[in-house]
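A short write-up of the structure that comes next.
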Amino acid sequence: LLIGICSSQHMPMGLKVVERLTPEEVVGVLVNDERTTYKDEDNDGNLDQVMVVRPAVLQHFELTDEQRRRRERRGRLFFGEADLCQYYFTIELAEKMSVKLANHARHVVPFRVPYMSPKTAKITPPSRRPNAFKLECYVADAVELQEKVLALHVDRYSEWAKIRDPTLTVPSVSALSELHEGWLTGAGAQFVGKASSGLSADERCEVSPLVSY
């Protein structure tokens, strides 16, 4: 669907987003970013300071606590469009971005890591607080280099099952089973004994990607 919409609208880049439900969710968010640039607006030969609005994806650690919790009047999170990390690029744009992103500013990411003393060789486990930083570049950084992108808002429960640690594996597989079960029953299929998908291995339902794609 994303590919078809982007192609029909002649958009070189698109991405999927879902509604962000809680301030604690560890997701990047799609925003309109106001930034200052300089260009000759009045053709007098001098550069003018101009405010422009461009799309951007802010990572979760780049949001302040106030921004994470800010809500609209209706109660939805103000920064509520969570990036699914599913992107569409034309080949031409991907080639351009591979060059531009090579010199793009990196994200400073705080994280926890064990460390070793060079004197005693003792390895100390990480504390509860971040004790190191890493510099990273993301595919989503290409968004802020575009004047506009196409964002497709999709159903959260049909499109997203987060796995950030092993404890989330079973619930995510179960969510996928429920989705595939819905596909089958929607097409008229019936399960023996009115069986339905669940958390156990015997209750899993899968439609092969060789069929669904």
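We label chains A, B, ... in the order they appear in the structure tokens, count residues from 1 in each chain, and number ligands from 1 in the order shown.
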
At a cut-off of 6 Å, can you tabulate as CSV every residue of segment 51-97 of chain A near segment 143-165 of chain A together with its closest atom pair and the distance in Å to one decimal, using only C-alpha atoms and ordering rows by chain then number?
```
residue,atom,partner,partner_atom,distance
A:Arg54,CA,A:Glu147,CA,5.7
A:Pro55,CA,A:Glu144,CA,5.4
A:Ala56,CA,A:Glu144,CA,4.4
```

**Message:** DSSP on the backbone, alpha helix (DSSP H) only: what residues of segment 23-155 of chain A does that give? Format it as a PyMOL selection string.
**Reply:** chain A and resi 65-69+91-100

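Using only C-alpha atoms, the protein and nucleic acid residues lying no more than 10 Å from Cys85 of chain A, apart from those fewer than 3 places from it along its own chain, are Leu15, Lys16, Val17, Val27, Gly28, Ala82, Tyr88, Tyr138, Val139 and Ala140 of chain A.
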
For those residues, write C-alpha atoms to a file as a PDB file, in the first residue's frame.
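Written output follows (again36.pdb):
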```
ATOM      1  CA  LEU A  15       7.038   6.157   5.687  1.00  0.00           C
ATOM      2  CA  LYS A  16       4.499   4.428   7.918  1.00  0.00           C
ATOM      3  CA  VAL A  17       3.427   5.841  11.275  1.00  0.00           C
ATOM      4  CA  VAL A  27       9.850   5.197  19.546  1.00  0.00           C
ATOM      5  CA  GLY A  28      10.910   7.951  17.202  1.00  0.00           C
ATOM      6  CA  ALA A  82       5.345   7.036  15.974  1.00  0.00           C
ATOM      7  CA  TYR A  88       9.883   3.939   0.745  1.00  0.00           C
ATOM      8  CA  TYR A 138      19.697   6.474  11.136  1.00  0.00           C
ATOM      9  CA  VAL A 139      17.821   5.807   7.906  1.00  0.00           C
ATOM     10  CA  ALA A 140      15.174   8.194   9.263  1.00  0.00           C
TER      11      ALA A 140
END
```

**Request:** Quick one: everything within 12 Å of Ser208 of chain A, counting only C-alpha atoms, minus sequence neighbours fewer than 5 positions away in the same chain. Send it as a ChimeraX atom specification.
**Result:** /A:176-177,180,183-184,213

With only C-alpha atoms counted and 10 Å as the cut-off, give the residues of segment 31-89 of chain A in contact with segment 106-114 of chain A, each with its shortest interatomic distance in Å and the pair that gives it, as CSV.
```
residue,atom,partner,partner_atom,distance
A:Leu58,CA,A:His107,CA,10.0
A:Gln59,CA,A:His107,CA,8.8
A:Phe61,CA,A:Val109,CA,7.3
A:Glu62,CA,A:His107,CA,8.7
```

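Distances here use only C-alpha atoms; by that measure, the residue among A:Gly193, A:Pro12, A:Gly75, A:Gly80 closest to Glu24 of chain A is A:Gly80.
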
What's the 10 Å shell around Arg35 of chain A, counting only C-alpha atoms, without same-chain residues fewer than 5 positions away, as an mmCIF file with N, CA and C atoms, in the first residue's frame?
```cif
data_model
loop_
_atom_site.group_PDB
_atom_site.id
_atom_site.type_symbol
_atom_site.label_atom_id
_atom_site.label_comp_id
_atom_site.auth_asym_id
_atom_site.auth_seq_id
_atom_site.Cartn_x
_atom_site.Cartn_y
_atom_site.Cartn_z
ATOM 1 N N VAL A 50 15.596 33.091 6.949
ATOM 2 C CA VAL A 50 14.256 32.600 6.622
ATOM 3 C C VAL A 50 13.931 31.399 7.502
ATOM 4 N N MET A 51 12.704 31.357 8.026
ATOM 5 C CA MET A 51 12.228 30.204 8.775
ATOM 6 C C MET A 51 11.522 29.249 7.816
ATOM 7 N N VAL A 52 11.924 27.996 7.826
ATOM 8 C CA VAL A 52 11.288 26.996 6.979
ATOM 9 C C VAL A 52 10.814 25.834 7.848
ATOM 10 N N VAL A 53 9.827 25.128 7.365
ATOM 11 C CA VAL A 53 9.301 23.962 8.068
ATOM 12 C C VAL A 53 9.589 22.728 7.234
ATOM 13 N N ARG A 54 10.285 21.781 7.830
ATOM 14 C CA ARG A 54 10.630 20.547 7.138
ATOM 15 C C ARG A 54 10.223 19.352 8.002
#
```

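Minimum atom-to-atom distances from A:Ser200, A:Ile91, A:Ala142, A:Phe191 to Asn103 of chain A were compared using only C-alpha atoms, and the lowest value belongs to A:Ala142.
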
**Asked** Rounded to one decimal in Å, what is the spacing between atom CA of Pro23 of chain A and atom CA of Leu199 of chain A?
**Response** 27.2 Å

**Item:** Within 12 Å of Tyr115 of chain A using only C-alpha atoms, minus same-chain residues under 2 positions, as a ChimeraX atom specification
**Value:** /A:112-113,117-118,120-127,131-132

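Considering only C-alpha atoms, the residue among A:Asp141, A:Glu25, A:Glu178, A:Asp40 positioned nearest to Val57 of chain A is A:Asp141.
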